[in-house]
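Shown next, in structure tokens, is the structure this report addresses.
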Amino acid sequence: MAAVSNDGAPLGSTVISLVNKLQDIFSRVGSQSTIDLPQVAVVGCQSSGKSSVLEALVGRDFLPRGNDICTRRPLVLQLVHIPPSKPESAEFLHLPGRTFHDFSQIRAEIQAETDREAGGNKGVSDKQIRLKIFSPNVLDITLVDLPGITKVPVGDQPSDIESRIRTMIMSYIKVPTCLILAVTPANSDLANSDALQMAGNADPDGHRTIGVITKLDIMDRGTDARNLLLGKVIPLRLGYVGVVNRSQEDILTNRSIKDALVAEEKFFRSHPIYSGLADSCGVPQLAKKLNKILAQHIKAVLPGLKARISASLVNLAKEHASYGEITESKAGQGALILNILSKYSDAFTSIVEGKNEAMSTSELSGGARINYIFQSIFVRSLEEVDPCEDLTDDDIRTAIQNATGPRAALFVPDVPFEVLVRRQISRLLDPSLQCARFIYDELMKISHRCMVTELQRFPFLRKRMDEVIGNFLREGLEPSETMITHIIEMEMDYINTSHPNFIGGSKALEAAVQQTKSSTVSKVKDAVESDKGSASERSGKSRSILARHANGGMADHGVRASSDIDKVLHSGTTSGSSWGISSIFGGGDNRVSVKENTNSKHHNDPVQSVLPSSTIHLREPPTVLRPSERSSETLAVEIAVTKLLLRSYYEIVRKNVEDLIPKAIMHFLVNNTKRELHNVFIANLYRDDLFEEMLQEPNEIAVKRKRCRELLRAYQQAFRDLDELPLEAETAEWGHSSPETTGLPKIRGLPTSSMYSTSSSGDNI
């Protein structure tokens, strides 16, 4: 009879049957790879005896056989112990409702199902065949028979068949919840065993690998596998089990598995080398060891398995909720659309205000990006602008002279300043409008990130909502741009020279004179230092200077220039007006220059000397007139004053713009969108004639909902089954057994009675 616990149940049946049930649940929905369930993978090279070991465990011939590769698809074999009163039977997962009692039909179905998927000419597939066998002569074990490792492709097999099979095997045995049954024939070199090599790669510590040595009866004379079985060649924590399979002759002569098991036990007990290992060798001992280790392994991984199923259940529930349910009635459709529009508007506002639950920690998003555009892009760009960077001294000189009209000015006119400062203020319009466009783009990006998962279900509704919010944002951009234009135009229309922060004419003049004097002194010093040459050159220059002093020209000009600057300083400090600047900026100096230039030209022009004295011909003025390039201290002061006034007033305007432009954008574009978005959605989309069109679902959404519902039910059933597992009773199963070495530290061993005992009646086989 089968090994049982004190309460009469087969040892480990509860946890193993639970895992079998979970495997069936997940296999029906095609999600066997989602949760890695405990199982035993049988690995070995072609013709290593894997199939014979599996048939011996079942006690029946049911696997395809032949000289070439027989296992061409993974066969998941679930052995389920049943009471002796019930007949043996088998079920395939791909044939629900059909029960097999004839094991030859099982072999035929395995072959037919293999051919359907892998072809009839030795092809290989990784798609599983799941077979459950109910028998009173088995222990609860779940095994996966994998294709044997082959070297040379045959039939329709690809040239890389070995690599493909190794990859398939590794995909099973690398999973920590999978036990590895490494089958190796004794008549080959164990050090070169493909099965043990792959098991070592997947389980380097050897915690999950059980070694099976087959064909011990056909080893060369004088050789034995005792050291292999004792783990002295390649140690394994779970140890080795030696078995003797039926030979090909035994199979051809229809020798029963019962007789083969009797012969196997006789071989081990009578062999002089293996008699001391007889109690740990043979297929019955392998079955008990597998059952024991698998049950213990399942108990070890169950807590983690339950946690993974629980986490997957939560995620599936969320996904299923996102797909929602199909609503047919108009009232239900209207309520659904109203709910979506409200949630969308709330989500939009939350992202802008930084209250979104799914806040990113890796980059700025939502309202933080808007603030970055205002402060780090717009404001910083304006602060880096020099209002005089595109104004040369010639530009300023030209503007000043143009402002005097036909007369020479007695004072510096304010027209050049206003013209130049308006031109600089107008430069602020483009970056301000560009800032509004940037904010518009950010709001569009925020709208695209709202409720992405929820609206995947309704692409037509999503398209309509995108159109509505796009139009609404464009409408909000227009008043923003209009207000920005008005702000810049207001600054240009009224130049407020009475602003408390404006430098004013007096201070500007004082600073400009000081700046000009310091510049003149440095130039004089440079000229003195560079004016060192030969003695003759210095004496020549001295004579020239003396001659000019005798004529009074140089001295008079120097005195007059100095006197003019003093007058400017005096008038600049005493006048209260911003524009109370002395006549040094116009008047006498210019008139003297004109007279001197006229006299000079009159005497030096060769044409004038030959013409009659009564006729004076003037040269026509050129098409383009440029201001005189005459450089004087007075002119330098005028230019410096203008630049100081420009910079001072530009700073005032810049600060106003930096403050008012973001306010205008926030009022007309951002805040208006937050306030009115929901109302705009209702006005444009909450219409009975649009409900059906907007709530149309694509076919893939319906498929995903169905698939998600099936998975959800499977995981719910799996979770309920795990909750119903009597862990206390299962723990009690392990406490009253006789000791037996299996390689696991906490396993006690099994009762001495065995379903394979030779003293049992034939009914047990």
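How things are named: the first chain in the structure tokens is A, the next is B, and so on; residues count from 1 in each chain; ligands count from 1 in the order shown.
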DSSP on the backbone, strand (DSSP E or B) only: what residues of stretch 81-264 of chain A does that give? Format it as an mmCIF file with all heavy atoms, in the first residue's frame.
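Output saved as states_36.cif:
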data_model
loop_
_atom_site.group_PDB
_atom_site.id
_atom_site.type_symbol
_atom_site.label_atom_id
_atom_site.label_comp_id
_atom_site.auth_asym_id
_atom_site.auth_seq_id
_atom_site.Cartn_x
_atom_site.Cartn_y
_atom_site.Cartn_z
ATOM 1 N N HIS A 81 -2.689 10.365 -5.792
ATOM 2 C CA HIS A 81 -3.055 9.135 -5.098
ATOM 3 C C HIS A 81 -4.555 9.123 -4.805
ATOM 4 O O HIS A 81 -5.113 10.121 -4.342
ATOM 5 C CB HIS A 81 -2.272 9.021 -3.787
ATOM 6 C CG HIS A 81 -2.651 7.829 -2.977
ATOM 7 N ND1 HIS A 81 -2.162 6.564 -3.224
ATOM 8 C CD2 HIS A 81 -3.488 7.707 -1.898
ATOM 9 C CE1 HIS A 81 -2.667 5.717 -2.353
ATOM 10 N NE2 HIS A 81 -3.488 6.385 -1.532
ATOM 11 N N SER A 89 -7.243 6.228 -13.699
ATOM 12 C CA SER A 89 -7.742 7.027 -14.815
ATOM 13 C C SER A 89 -6.759 8.160 -15.090
ATOM 14 O O SER A 89 -5.821 8.390 -14.322
ATOM 15 C CB SER A 89 -9.134 7.595 -14.505
ATOM 16 O OG SER A 89 -9.075 8.468 -13.380
ATOM 17 N N ALA A 90 -7.000 8.825 -16.194
ATOM 18 C CA ALA A 90 -6.121 9.946 -16.577
ATOM 19 C C ALA A 90 -6.948 10.997 -17.293
ATOM 20 O O ALA A 90 -7.966 10.690 -17.933
ATOM 21 C CB ALA A 90 -4.972 9.464 -17.453
ATOM 22 N N GLU A 91 -6.498 12.246 -17.186
ATOM 23 C CA GLU A 91 -7.170 13.365 -17.847
ATOM 24 C C GLU A 91 -6.119 14.295 -18.459
ATOM 25 O O GLU A 91 -5.069 14.538 -17.850
ATOM 26 C CB GLU A 91 -8.021 14.168 -16.845
ATOM 27 C CG GLU A 91 -9.175 13.407 -16.243
ATOM 28 C CD GLU A 91 -9.899 14.226 -15.186
ATOM 29 O OE1 GLU A 91 -9.407 15.343 -14.879
ATOM 30 O OE2 GLU A 91 -10.926 13.754 -14.653
ATOM 31 N N PHE A 92 -6.420 14.793 -19.652
ATOM 32 C CA PHE A 92 -5.590 15.817 -20.283
ATOM 33 C C PHE A 92 -6.270 17.167 -20.102
ATOM 34 O O PHE A 92 -7.493 17.279 -20.257
ATOM 35 C CB PHE A 92 -5.407 15.540 -21.777
ATOM 36 C CG PHE A 92 -4.484 14.396 -22.079
ATOM 37 C CD1 PHE A 92 -4.986 13.113 -22.303
ATOM 38 C CD2 PHE A 92 -3.114 14.597 -22.142
ATOM 39 C CE1 PHE A 92 -4.138 12.060 -22.582
ATOM 40 C CE2 PHE A 92 -2.261 13.546 -22.425
ATOM 41 C CZ PHE A 92 -2.774 12.270 -22.646
ATOM 42 N N THR A 99 -12.174 11.364 -19.871
ATOM 43 C CA THR A 99 -11.370 10.553 -18.964
ATOM 44 C C THR A 99 -10.843 9.332 -19.709
ATOM 45 O O THR A 99 -11.575 8.664 -20.451
ATOM 46 C CB THR A 99 -12.195 10.104 -17.747
ATOM 47 O OG1 THR A 99 -12.703 11.266 -17.079
ATOM 48 C CG2 THR A 99 -11.340 9.304 -16.778
ATOM 49 N N PHE A 100 -9.578 9.016 -19.501
ATOM 50 C CA PHE A 100 -8.932 7.859 -20.131
ATOM 51 C C PHE A 100 -8.711 6.783 -19.070
ATOM 52 O O PHE A 100 -8.234 7.067 -17.969
ATOM 53 C CB PHE A 100 -7.580 8.255 -20.733
ATOM 54 C CG PHE A 100 -7.674 9.187 -21.918
ATOM 55 C CD1 PHE A 100 -7.863 10.552 -21.740
ATOM 56 C CD2 PHE A 100 -7.573 8.689 -23.206
ATOM 57 C CE1 PHE A 100 -7.942 11.401 -22.816
ATOM 58 C CE2 PHE A 100 -7.651 9.549 -24.306
ATOM 59 C CZ PHE A 100 -7.842 10.905 -24.112
ATOM 60 N N ILE A 129 2.220 19.862 -22.528
ATOM 61 C CA ILE A 129 1.088 18.923 -22.466
ATOM 62 C C ILE A 129 0.897 18.600 -20.986
ATOM 63 O O ILE A 129 1.853 18.233 -20.297
ATOM 64 C CB ILE A 129 1.376 17.627 -23.252
ATOM 65 C CG1 ILE A 129 1.613 17.933 -24.735
ATOM 66 C CG2 ILE A 129 0.229 16.633 -23.091
ATOM 67 C CD1 ILE A 129 2.029 16.712 -25.540
ATOM 68 N N ARG A 130 -0.327 18.746 -20.501
ATOM 69 C CA ARG A 130 -0.579 18.534 -19.075
ATOM 70 C C ARG A 130 -1.456 17.294 -18.907
ATOM 71 O O ARG A 130 -2.569 17.218 -19.423
ATOM 72 C CB ARG A 130 -1.248 19.753 -18.458
ATOM 73 C CG ARG A 130 -0.456 21.038 -18.654
ATOM 74 C CD ARG A 130 -1.041 22.176 -17.851
ATOM 75 N NE ARG A 130 -0.856 21.971 -16.425
ATOM 76 C CZ ARG A 130 0.238 22.346 -15.753
ATOM 77 N NH1 ARG A 130 1.237 22.916 -16.391
ATOM 78 N NH2 ARG A 130 0.323 22.135 -14.454
ATOM 79 N N LEU A 131 -0.895 16.334 -18.179
ATOM 80 C CA LEU A 131 -1.559 15.043 -17.967
ATOM 81 C C LEU A 131 -1.645 14.778 -16.469
ATOM 82 O O LEU A 131 -0.656 14.901 -15.745
ATOM 83 C CB LEU A 131 -0.770 13.921 -18.654
ATOM 84 C CG LEU A 131 -1.220 12.489 -18.367
ATOM 85 C CD1 LEU A 131 -2.646 12.236 -18.885
ATOM 86 C CD2 LEU A 131 -0.235 11.492 -19.000
ATOM 87 N N LYS A 132 -2.850 14.402 -16.024
ATOM 88 C CA LYS A 132 -3.059 14.068 -14.610
ATOM 89 C C LYS A 132 -3.479 12.600 -14.535
ATOM 90 O O LYS A 132 -4.439 12.178 -15.193
ATOM 91 C CB LYS A 132 -4.132 14.960 -14.012
ATOM 92 C CG LYS A 132 -4.377 14.726 -12.517
ATOM 93 C CD LYS A 132 -5.446 15.665 -11.972
ATOM 94 C CE LYS A 132 -4.958 17.092 -11.951
ATOM 95 N NZ LYS A 132 -5.916 17.997 -11.270
ATOM 96 N N ILE A 133 -2.734 11.817 -13.721
ATOM 97 C CA ILE A 133 -3.010 10.383 -13.567
ATOM 98 C C ILE A 133 -3.463 10.127 -12.132
ATOM 99 O O ILE A 133 -2.764 10.493 -11.176
ATOM 100 C CB ILE A 133 -1.763 9.540 -13.909
ATOM 101 C CG1 ILE A 133 -1.428 9.688 -15.393
ATOM 102 C CG2 ILE A 133 -1.983 8.075 -13.556
ATOM 103 C CD1 ILE A 133 -0.191 8.919 -15.815
ATOM 104 N N PHE A 134 -4.637 9.497 -12.000
ATOM 105 C CA PHE A 134 -5.193 9.134 -10.694
ATOM 106 C C PHE A 134 -4.990 7.641 -10.503
ATOM 107 O O PHE A 134 -5.453 6.826 -11.319
ATOM 108 C CB PHE A 134 -6.686 9.463 -10.626
ATOM 109 C CG PHE A 134 -7.001 10.907 -10.918
ATOM 110 C CD1 PHE A 134 -7.215 11.338 -12.215
ATOM 111 C CD2 PHE A 134 -7.082 11.831 -9.884
ATOM 112 C CE1 PHE A 134 -7.512 12.663 -12.484
ATOM 113 C CE2 PHE A 134 -7.386 13.151 -10.148
ATOM 114 C CZ PHE A 134 -7.591 13.576 -11.454
ATOM 115 N N SER A 135 -4.299 7.270 -9.419
ATOM 116 C CA SER A 135 -4.012 5.845 -9.208
ATOM 117 C C SER A 135 -3.774 5.595 -7.729
ATOM 118 O O SER A 135 -3.195 6.436 -7.032
ATOM 119 C CB SER A 135 -2.778 5.434 -10.021
ATOM 120 O OG SER A 135 -2.379 4.120 -9.693
ATOM 121 N N ILE A 141 2.995 13.368 -6.682
ATOM 122 C CA ILE A 141 4.210 13.984 -7.223
ATOM 123 C C ILE A 141 3.825 14.737 -8.496
ATOM 124 O O ILE A 141 2.968 14.283 -9.261
ATOM 125 C CB ILE A 141 5.298 12.936 -7.557
ATOM 126 C CG1 ILE A 141 5.627 12.076 -6.339
ATOM 127 C CG2 ILE A 141 6.567 13.614 -8.075
ATOM 128 C CD1 ILE A 141 6.568 10.927 -6.656
ATOM 129 N N THR A 142 4.442 15.859 -8.711
ATOM 130 C CA THR A 142 4.278 16.600 -9.965
ATOM 131 C C THR A 142 5.629 16.657 -10.670
ATOM 132 O O THR A 142 6.605 17.171 -10.108
ATOM 133 C CB THR A 142 3.769 18.028 -9.721
ATOM 134 O OG1 THR A 142 2.522 17.969 -9.041
ATOM 135 C CG2 THR A 142 3.595 18.771 -11.030
ATOM 136 N N LEU A 143 5.689 16.087 -11.875
ATOM 137 C CA LEU A 143 6.931 16.012 -12.629
ATOM 138 C C LEU A 143 6.754 16.678 -13.985
ATOM 139 O O LEU A 143 5.649 16.687 -14.545
ATOM 140 C CB LEU A 143 7.359 14.552 -12.835
ATOM 141 C CG LEU A 143 7.552 13.724 -11.564
ATOM 142 C CD1 LEU A 143 6.947 12.349 -11.741
ATOM 143 C CD2 LEU A 143 9.020 13.601 -11.234
ATOM 144 N N VAL A 144 7.839 17.219 -14.518
ATOM 145 C CA VAL A 144 7.840 17.775 -15.871
ATOM 146 C C VAL A 144 8.897 17.029 -16.663
ATOM 147 O O VAL A 144 10.102 17.153 -16.402
ATOM 148 C CB VAL A 144 8.151 19.287 -15.866
ATOM 149 C CG1 VAL A 144 8.081 19.839 -17.287
ATOM 150 C CG2 VAL A 144 7.202 20.040 -14.961
ATOM 151 N N ASP A 145 8.440 16.215 -17.610
ATOM 152 C CA ASP A 145 9.360 15.468 -18.475
ATOM 153 C C ASP A 145 9.769 16.374 -19.634
ATOM 154 O O ASP A 145 8.947 16.710 -20.490
ATOM 155 C CB ASP A 145 8.670 14.201 -18.983
ATOM 156 C CG ASP A 145 9.624 13.318 -19.781
ATOM 157 O OD1 ASP A 145 10.853 13.494 -19.629
ATOM 158 O OD2 ASP A 145 9.139 12.471 -20.553
ATOM 159 N N ILE A 149 18.405 15.997 -24.112
ATOM 160 C CA ILE A 149 19.453 16.785 -24.769
ATOM 161 C C ILE A 149 20.033 15.962 -25.913
ATOM 162 O O ILE A 149 20.527 14.843 -25.715
ATOM 163 C CB ILE A 149 20.556 17.150 -23.759
ATOM 164 C CG1 ILE A 149 19.948 17.909 -22.568
ATOM 165 C CG2 ILE A 149 21.642 17.982 -24.422
ATOM 166 C CD1 ILE A 149 20.899 18.070 -21.401
ATOM 167 N N CYS A 178 11.690 25.182 -8.477
ATOM 168 C CA CYS A 178 11.696 23.924 -9.238
ATOM 169 C C CYS A 178 12.793 22.997 -8.720
ATOM 170 O O CYS A 178 13.964 23.382 -8.619
ATOM 171 C CB CYS A 178 11.923 24.229 -10.723
ATOM 172 S SG CYS A 178 11.985 22.749 -11.761
ATOM 173 N N LEU A 179 12.418 21.748 -8.375
ATOM 174 C CA LEU A 179 13.393 20.712 -8.056
ATOM 175 C C LEU A 179 13.891 20.084 -9.354
ATOM 176 O O LEU A 179 13.155 20.004 -10.338
ATOM 177 C CB LEU A 179 12.770 19.642 -7.164
ATOM 178 C CG LEU A 179 12.337 20.091 -5.760
ATOM 179 C CD1 LEU A 179 11.612 18.960 -5.043
ATOM 180 C CD2 LEU A 179 13.525 20.557 -4.944
ATOM 181 N N ILE A 180 15.143 19.635 -9.347
ATOM 182 C CA ILE A 180 15.765 19.103 -10.564
ATOM 183 C C ILE A 180 16.069 17.629 -10.341
ATOM 184 O O ILE A 180 16.781 17.260 -9.400
ATOM 185 C CB ILE A 180 17.060 19.865 -10.903
ATOM 186 C CG1 ILE A 180 16.795 21.372 -10.986
ATOM 187 C CG2 ILE A 180 17.670 19.353 -12.199
ATOM 188 C CD1 ILE A 180 18.055 22.213 -11.071
ATOM 189 N N LEU A 181 15.516 16.801 -11.219
ATOM 190 C CA LEU A 181 15.815 15.367 -11.212
ATOM 191 C C LEU A 181 16.770 15.107 -12.370
ATOM 192 O O LEU A 181 16.352 15.015 -13.527
ATOM 193 C CB LEU A 181 14.522 14.561 -11.352
ATOM 194 C CG LEU A 181 14.608 13.071 -10.997
ATOM 195 C CD1 LEU A 181 14.873 12.906 -9.505
ATOM 196 C CD2 LEU A 181 13.316 12.351 -11.368
ATOM 197 N N ALA A 182 18.068 15.029 -12.054
ATOM 198 C CA ALA A 182 19.102 14.889 -13.086
ATOM 199 C C ALA A 182 19.375 13.407 -13.327
ATOM 200 O O ALA A 182 19.944 12.718 -12.470
ATOM 201 C CB ALA A 182 20.367 15.608 -12.653
ATOM 202 N N VAL A 183 18.965 12.934 -14.501
ATOM 203 C CA VAL A 183 19.072 11.510 -14.838
ATOM 204 C C VAL A 183 20.331 11.297 -15.673
ATOM 205 O O VAL A 183 20.509 11.929 -16.726
ATOM 206 C CB VAL A 183 17.831 11.030 -15.597
ATOM 207 C CG1 VAL A 183 17.943 9.552 -15.938
ATOM 208 C CG2 VAL A 183 16.575 11.300 -14.774
ATOM 209 N N THR A 184 21.191 10.361 -15.210
ATOM 210 C CA THR A 184 22.452 10.081 -15.907
ATOM 211 C C THR A 184 22.654 8.567 -15.959
ATOM 212 O O THR A 184 22.538 7.886 -14.921
ATOM 213 C CB THR A 184 23.637 10.723 -15.170
ATOM 214 O OG1 THR A 184 23.419 12.128 -15.075
ATOM 215 C CG2 THR A 184 24.939 10.461 -15.905
ATOM 216 N N PRO A 185 22.957 8.011 -17.137
ATOM 217 C CA PRO A 185 23.224 6.562 -17.213
ATOM 218 C C PRO A 185 24.570 6.225 -16.576
ATOM 219 O O PRO A 185 25.536 6.986 -16.685
ATOM 220 C CB PRO A 185 23.223 6.280 -18.717
ATOM 221 C CG PRO A 185 23.531 7.587 -19.360
ATOM 222 C CD PRO A 185 22.968 8.639 -18.467
ATOM 223 N N THR A 209 18.757 19.756 -6.356
ATOM 224 C CA THR A 209 19.054 18.728 -7.349
ATOM 225 C C THR A 209 19.111 17.346 -6.706
ATOM 226 O O THR A 209 19.786 17.142 -5.690
ATOM 227 C CB THR A 209 20.396 19.026 -8.042
ATOM 228 O OG1 THR A 209 20.346 20.341 -8.612
ATOM 229 C CG2 THR A 209 20.683 18.021 -9.133
ATOM 230 N N ILE A 210 18.403 16.411 -7.327
ATOM 231 C CA ILE A 210 18.444 14.996 -6.947
ATOM 232 C C ILE A 210 19.055 14.235 -8.124
ATOM 233 O O ILE A 210 18.592 14.357 -9.262
ATOM 234 C CB ILE A 210 17.043 14.443 -6.643
ATOM 235 C CG1 ILE A 210 16.358 15.284 -5.565
ATOM 236 C CG2 ILE A 210 17.112 12.976 -6.231
ATOM 237 C CD1 ILE A 210 14.881 14.936 -5.377
ATOM 238 N N GLY A 211 20.097 13.452 -7.868
ATOM 239 C CA GLY A 211 20.737 12.676 -8.925
ATOM 240 C C GLY A 211 20.112 11.297 -9.056
ATOM 241 O O GLY A 211 19.819 10.640 -8.052
ATOM 242 N N VAL A 212 19.880 10.855 -10.272
ATOM 243 C CA VAL A 212 19.353 9.513 -10.552
ATOM 244 C C VAL A 212 20.344 8.817 -11.485
ATOM 245 O O VAL A 212 20.633 9.328 -12.579
ATOM 246 C CB VAL A 212 17.957 9.567 -11.199
ATOM 247 C CG1 VAL A 212 17.477 8.159 -11.532
ATOM 248 C CG2 VAL A 212 16.963 10.253 -10.272
ATOM 249 N N ILE A 213 20.862 7.695 -11.034
ATOM 250 C CA ILE A 213 21.819 6.912 -11.837
ATOM 251 C C ILE A 213 21.070 5.704 -12.386
ATOM 252 O O ILE A 213 20.598 4.842 -11.633
ATOM 253 C CB ILE A 213 23.020 6.455 -10.995
ATOM 254 C CG1 ILE A 213 23.638 7.643 -10.257
ATOM 255 C CG2 ILE A 213 24.048 5.769 -11.878
ATOM 256 C CD1 ILE A 213 24.161 8.724 -11.160
ATOM 257 N N THR A 214 20.934 5.630 -13.713
ATOM 258 C CA THR A 214 20.222 4.529 -14.371
ATOM 259 C C THR A 214 21.223 3.552 -14.990
ATOM 260 O O THR A 214 22.428 3.811 -15.040
ATOM 261 C CB THR A 214 19.292 5.076 -15.465
ATOM 262 O OG1 THR A 214 20.089 5.717 -16.467
ATOM 263 C CG2 THR A 214 18.314 6.088 -14.902
ATOM 264 N N TYR A 240 21.909 10.841 -4.281
ATOM 265 C CA TYR A 240 21.658 10.094 -5.513
ATOM 266 C C TYR A 240 20.791 8.874 -5.206
ATOM 267 O O TYR A 240 20.786 8.341 -4.088
ATOM 268 C CB TYR A 240 22.966 9.601 -6.128
ATOM 269 C CG TYR A 240 23.846 10.704 -6.694
ATOM 270 C CD1 TYR A 240 24.727 11.402 -5.865
ATOM 271 C CD2 TYR A 240 23.806 11.032 -8.039
ATOM 272 C CE1 TYR A 240 25.537 12.405 -6.364
ATOM 273 C CE2 TYR A 240 24.622 12.035 -8.557
ATOM 274 C CZ TYR A 240 25.482 12.718 -7.718
ATOM 275 O OH TYR A 240 26.288 13.705 -8.222
ATOM 276 N N VAL A 241 20.059 8.436 -6.229
ATOM 277 C CA VAL A 241 19.274 7.206 -6.150
ATOM 278 C C VAL A 241 19.608 6.383 -7.387
ATOM 279 O O VAL A 241 19.498 6.881 -8.518
ATOM 280 C CB VAL A 241 17.756 7.483 -6.089
ATOM 281 C CG1 VAL A 241 16.983 6.164 -6.087
ATOM 282 C CG2 VAL A 241 17.409 8.305 -4.861
ATOM 283 N N GLY A 242 20.005 5.138 -7.169
ATOM 284 C CA GLY A 242 20.286 4.248 -8.291
ATOM 285 C C GLY A 242 19.060 3.445 -8.667
ATOM 286 O O GLY A 242 18.318 2.984 -7.792
#
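Remark: for A:Arg60, the closest of the candidate residues A:Phe378, A:Asn137, A:Gln23, A:Pro387 is A:Asn137 (distances computed over only C-alpha atoms).
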**Nearest to A:Phe62 by atom-to-atom distance, counting only C-alpha atoms, from A:Ala683, A:Met465, A:Leu236, A:Ile257** =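 Closest to A:Phe62, using only C-alpha atoms: A:Ile257.
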**Prompt:** Using only C-alpha atoms, which of A:Ile110, A:Ser104, A:Val657, A:Ser648 sits nearest A:His486?
**Reply:** A:Val657
**Request:** Quick one: pull the distance between atom CA of A:Gly354 and atom CA of A:Lys674, Å, one decimal.
**Result:**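 These two atoms are separated by 13.1 Å.
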**Message:** So that I can check the surroundings of A:His207, please list as an MDAnalysis selection string every protein, DNA and RNA residue that reaches within 7 Å of it, counting only C-alpha atoms and ignoring chain neighbours fewer than 4 positions away.
**Reply:** chainID A and resid 203 237:238
**Request:** Among the residues of stretch 70-292 of chain A, find those DSSP assigns to helix (DSSP H, G or I) from the backbone and print them as an MDAnalysis selection string.
**Result:** chainID A and resid 103:118 161:173 190:192 194:202 216:218 226:229 248:252 257:270 275:280 283:292
Do a neighbour search on A:Thr392 at 12 Å with only C-alpha atoms, toss out local chain neighbours closer than 2 positions, and write the hits as an mmCIF file with N, CA, C and O atoms, in the first residue's frame.
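As written to disk, out_24.cif reads:
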data_model
loop_
_atom_site.group_PDB
_atom_site.id
_atom_site.type_symbol
_atom_site.label_atom_id
_atom_site.label_comp_id
_atom_site.auth_asym_id
_atom_site.auth_seq_id
_atom_site.Cartn_x
_atom_site.Cartn_y
_atom_site.Cartn_z
ATOM 1 N N PRO A 387 20.465 96.553 -22.236
ATOM 2 C CA PRO A 387 19.651 97.430 -23.094
ATOM 3 C C PRO A 387 20.476 98.217 -24.113
ATOM 4 O O PRO A 387 19.927 98.726 -25.085
ATOM 5 N N CYS A 388 21.772 98.307 -23.897
ATOM 6 C CA CYS A 388 22.612 99.082 -24.825
ATOM 7 C C CYS A 388 23.489 98.193 -25.702
ATOM 8 O O CYS A 388 24.389 98.696 -26.382
ATOM 9 N N GLU A 389 23.222 96.888 -25.675
ATOM 10 C CA GLU A 389 24.121 96.006 -26.394
ATOM 11 C C GLU A 389 24.025 96.176 -27.914
ATOM 12 O O GLU A 389 24.988 95.917 -28.631
ATOM 13 N N ASP A 390 22.874 96.596 -28.400
ATOM 14 C CA ASP A 390 22.743 96.792 -29.843
ATOM 15 C C ASP A 390 22.755 98.273 -30.229
ATOM 16 O O ASP A 390 22.363 98.645 -31.333
ATOM 17 N N ASP A 394 27.629 105.778 -32.257
ATOM 18 C CA ASP A 394 27.154 106.474 -33.460
ATOM 19 C C ASP A 394 25.631 106.526 -33.498
ATOM 20 O O ASP A 394 25.037 107.528 -33.901
ATOM 21 N N ASP A 395 24.987 105.423 -33.071
ATOM 22 C CA ASP A 395 23.517 105.415 -33.055
ATOM 23 C C ASP A 395 22.994 106.496 -32.111
ATOM 24 O O ASP A 395 22.052 107.233 -32.428
ATOM 25 N N ILE A 396 23.596 106.568 -30.929
ATOM 26 C CA ILE A 396 23.142 107.562 -29.955
ATOM 27 C C ILE A 396 23.443 108.978 -30.449
ATOM 28 O O ILE A 396 22.618 109.895 -30.328
ATOM 29 N N ARG A 397 24.638 109.195 -31.007
ATOM 30 C CA ARG A 397 25.004 110.509 -31.528
ATOM 31 C C ARG A 397 24.037 110.933 -32.626
ATOM 32 O O ARG A 397 23.580 112.079 -32.684
ATOM 33 N N THR A 398 23.700 110.003 -33.523
ATOM 34 C CA THR A 398 22.758 110.306 -34.609
ATOM 35 C C THR A 398 21.398 110.685 -34.050
ATOM 36 O O THR A 398 20.743 111.630 -34.504
ATOM 37 N N ALA A 399 20.939 109.915 -33.058
ATOM 38 C CA ALA A 399 19.627 110.207 -32.471
ATOM 39 C C ALA A 399 19.606 111.585 -31.834
ATOM 40 O O ALA A 399 18.624 112.334 -31.946
ATOM 41 N N LEU A 420 14.923 105.913 -28.100
ATOM 42 C CA LEU A 420 15.792 104.765 -27.861
ATOM 43 C C LEU A 420 15.207 103.831 -26.802
ATOM 44 O O LEU A 420 15.269 102.605 -26.939
ATOM 45 N N ILE A 639 26.703 111.083 -24.689
ATOM 46 C CA ILE A 639 26.458 109.652 -24.954
ATOM 47 C C ILE A 639 26.373 108.881 -23.643
ATOM 48 O O ILE A 639 25.498 108.019 -23.455
ATOM 49 N N ALA A 640 27.282 109.171 -22.725
ATOM 50 C CA ALA A 640 27.275 108.465 -21.446
ATOM 51 C C ALA A 640 25.996 108.728 -20.669
ATOM 52 O O ALA A 640 25.410 107.819 -20.064
ATOM 53 N N THR A 642 23.071 109.475 -21.915
ATOM 54 C CA THR A 642 21.970 108.762 -22.583
ATOM 55 C C THR A 642 21.973 107.281 -22.206
ATOM 56 O O THR A 642 20.923 106.685 -21.942
ATOM 57 N N LYS A 643 23.149 106.677 -22.167
ATOM 58 C CA LYS A 643 23.225 105.255 -21.819
ATOM 59 C C LYS A 643 22.783 105.019 -20.384
ATOM 60 O O LYS A 643 22.068 104.047 -20.086
#
**Prompt:** atom CA of A:Arg713 and atom CA of A:Pro38, how far apart in Å?
**Reply:**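 Spanning atom CA of A:Pro38 to atom CA of A:Arg713 is a straight-line distance of 21.1 Å.
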**Message:** Ranking A:Val175, A:Val624, A:Val124, A:Val653 by minimum distance to A:Glu162 and counting only C-alpha atoms, which one comes first?
**Reply:** A:Val124
